[in-house]
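A.B. asks: Here you go, one structure.
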Amino acid sequence: NKRGRKSRPSSAADTPQHQDAREGSPLASFKSSGISNLHSVAKPFKNTEYANSRRWKNLKQVVAQEQADSDWPVDFPAYWAIDAPPSLLPQKKYCDITGLPALYTDPKTNIRYHSAEVYRVVRTLPPGSEQLYLAARNANVTLK
């Protein structure tokens with residue numbers, strides 16, 4: 001009788017013992033069959049001899065199959081001929097010391113660095129060693 005609702009008179013058919021005994025209910029037919037373990041019941045809809053004959057192919061197999069089927073049109077997109085347009089976003093810059101995203105660039109040596117801690121390391125580099133870091137990203141300066 002919550003929130004002013006009137007309680008419904010209960011009948012004997014609404015009790016749990018009588019709900020199971022109603023004719024046509026799945027639980028009543030299960031109890032009347034005498035089966036206690038569903039795993040022991042034969043399932044005629046399940047074929048035990050079924051085996052999935054479908055294999056997954058890796059990229060190398062897909063490319064080899066597409067190259068073997070050479071009857072594709074020249075302009076048809078395939079795995080071995082995918083060309084992406086150049087990106088509209090600017091190239092990402094990474095720290096030459098740590099490899100983390102570089103937020104700063106040293107104006108004296110042109111080395112990119114991630115934080116003030118890495119900048120202290122850049123300041124202590126011996127002369128000429130910054131060229132090795134720049135050469136790693138093909139940004140070294142060669143004087144002719």
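In the structure tokens, each chain is lettered A, B, ... as it comes, each chain's residues begin at 1, and ligands are numbered from 1 in order of appearance.
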Quick one: residues within 9 Å of Pro101 (chain A), only C-alpha atoms, excluding same-chain residues fewer than 2 positions away - as a tab-separated table (two decimals) with N, CA and C atoms, in the first residue's frame?

C.D. replies:
```tsv
chain	number	residue	atom	x	y	z
A	92	LYS	N	53.88	15.56	-37.28
A	92	LYS	CA	54.10	15.57	-35.84
A	92	LYS	C	55.60	15.70	-35.56
A	93	LYS	N	55.91	16.41	-34.47
A	93	LYS	CA	57.30	16.63	-34.09
A	93	LYS	C	57.57	15.88	-32.79
A	94	TYR	N	58.66	15.12	-32.79
A	94	TYR	CA	59.01	14.31	-31.63
A	94	TYR	C	60.36	14.76	-31.08
A	95	CYS	N	60.52	14.53	-29.77
A	95	CYS	CA	61.75	14.90	-29.08
A	95	CYS	C	62.90	14.06	-29.61
A	98	THR	N	64.15	11.84	-26.25
A	98	THR	CA	63.28	10.84	-25.62
A	98	THR	C	62.30	10.16	-26.58
A	99	GLY	N	61.96	10.81	-27.68
A	99	GLY	CA	60.97	10.25	-28.60
A	99	GLY	C	59.54	10.63	-28.25
A	103	LEU	N	57.41	19.66	-27.70
A	103	LEU	CA	56.68	20.91	-27.61
A	103	LEU	C	57.58	22.10	-27.87
A	113	TYR	N	62.86	19.18	-28.10
A	113	TYR	CA	62.85	18.55	-26.79
A	113	TYR	C	61.46	18.61	-26.20
A	114	HIS	N	61.23	17.74	-25.19
A	114	HIS	CA	59.90	17.55	-24.63
A	114	HIS	C	59.63	18.42	-23.41
```

A.B. asks: Using only C-alpha atoms, which protein or nucleic acid residues come within 12 Å of Lys108 (chain A)? Drop anything in the same chain fewer than 5 positions from it, and give the result as a PDB file with C-alpha atoms, in the first residue's frame.

C.D. replies:
```pdb
ATOM      1  CA  TYR A 119      66.433  20.790 -22.132  1.00  0.00           C
ATOM      2  CA  VAL A 122      70.483  19.255 -24.373  1.00  0.00           C
ATOM      3  CA  ARG A 123      72.473  22.107 -22.777  1.00  0.00           C
ATOM      4  CA  PRO A 127      79.885  20.293 -29.114  1.00  0.00           C
ATOM      5  CA  GLU A 130      73.829  17.630 -31.576  1.00  0.00           C
ATOM      6  CA  GLN A 131      74.609  16.936 -35.241  1.00  0.00           C
TER       7      GLN A 131
END
```

A.B. asks: Which distance in Å separates CA of Arg112 (chain A) and CA of Leu134 (chain A), to one decimal?

C.D. replies: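 CA of Leu134 (chain A) lies at a distance of 9.1 Å from CA of Arg112 (chain A).
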
A.B. asks: Taking into account only C-alpha atoms, which residue in the set A:Ser53, A:Thr109, A:Val74, A:Asn37 is nearest to Ser129 (chain A)?

C.D. replies: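 Checking each of A:Ser53, A:Thr109, A:Val74, A:Asn37 against Ser129 (chain A), counting only C-alpha atoms, the winner is A:Thr109.
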
A.B. asks: Quick one: pick out all strand (DSSP E) residues within region 30-143 of chain A from a backbone DSSP run and write them as a PDB file with all heavy atoms, in the first residue's frame.

C.D. replies:
```
ATOM      1  N   TYR A 104      58.902  21.892 -27.771  1.00  0.00           N
ATOM      2  CA  TYR A 104      59.840  23.011 -27.847  1.00  0.00           C
ATOM      3  C   TYR A 104      60.997  22.658 -28.777  1.00  0.00           C
ATOM      4  O   TYR A 104      61.299  21.496 -29.002  1.00  0.00           O
ATOM      5  CB  TYR A 104      60.396  23.336 -26.453  1.00  0.00           C
ATOM      6  CG  TYR A 104      59.339  23.394 -25.384  1.00  0.00           C
ATOM      7  CD1 TYR A 104      59.167  22.339 -24.504  1.00  0.00           C
ATOM      8  CD2 TYR A 104      58.494  24.493 -25.269  1.00  0.00           C
ATOM      9  CE1 TYR A 104      58.194  22.374 -23.519  1.00  0.00           C
ATOM     10  CE2 TYR A 104      57.522  24.544 -24.291  1.00  0.00           C
ATOM     11  CZ  TYR A 104      57.379  23.477 -23.417  1.00  0.00           C
ATOM     12  OH  TYR A 104      56.412  23.522 -22.461  1.00  0.00           O
ATOM     13  N   THR A 105      61.683  23.716 -29.264  1.00  0.00           N
ATOM     14  CA  THR A 105      62.879  23.560 -30.089  1.00  0.00           C
ATOM     15  C   THR A 105      63.952  24.491 -29.558  1.00  0.00           C
ATOM     16  O   THR A 105      63.693  25.669 -29.313  1.00  0.00           O
ATOM     17  CB  THR A 105      62.584  23.902 -31.562  1.00  0.00           C
ATOM     18  OG1 THR A 105      61.511  23.080 -32.009  1.00  0.00           O
ATOM     19  CG2 THR A 105      63.794  23.664 -32.438  1.00  0.00           C
ATOM     20  N   ARG A 112      64.886  19.331 -31.018  1.00  0.00           N
ATOM     21  CA  ARG A 112      63.546  19.360 -30.420  1.00  0.00           C
ATOM     22  C   ARG A 112      63.590  18.634 -29.084  1.00  0.00           C
ATOM     23  O   ARG A 112      64.251  17.607 -28.944  1.00  0.00           O
ATOM     24  CB  ARG A 112      62.547  18.672 -31.344  1.00  0.00           C
ATOM     25  CG  ARG A 112      62.391  19.381 -32.669  1.00  0.00           C
ATOM     26  CD  ARG A 112      61.427  18.628 -33.549  1.00  0.00           C
ATOM     27  NE  ARG A 112      61.346  19.272 -34.844  1.00  0.00           N
ATOM     28  CZ  ARG A 112      61.077  18.653 -35.968  1.00  0.00           C
ATOM     29  NH1 ARG A 112      60.851  17.351 -35.957  1.00  0.00           N
ATOM     30  NH2 ARG A 112      61.020  19.298 -37.095  1.00  0.00           N
ATOM     31  N   TYR A 113      62.864  19.177 -28.102  1.00  0.00           N
ATOM     32  CA  TYR A 113      62.846  18.553 -26.786  1.00  0.00           C
ATOM     33  C   TYR A 113      61.455  18.612 -26.195  1.00  0.00           C
ATOM     34  O   TYR A 113      60.619  19.411 -26.601  1.00  0.00           O
ATOM     35  CB  TYR A 113      63.894  19.171 -25.850  1.00  0.00           C
ATOM     36  CG  TYR A 113      63.751  20.650 -25.619  1.00  0.00           C
ATOM     37  CD1 TYR A 113      63.051  21.124 -24.523  1.00  0.00           C
ATOM     38  CD2 TYR A 113      64.321  21.572 -26.483  1.00  0.00           C
ATOM     39  CE1 TYR A 113      62.922  22.476 -24.296  1.00  0.00           C
ATOM     40  CE2 TYR A 113      64.198  22.927 -26.272  1.00  0.00           C
ATOM     41  CZ  TYR A 113      63.499  23.371 -25.176  1.00  0.00           C
ATOM     42  OH  TYR A 113      63.363  24.714 -24.957  1.00  0.00           O
TER      43      TYR A 113
END
```
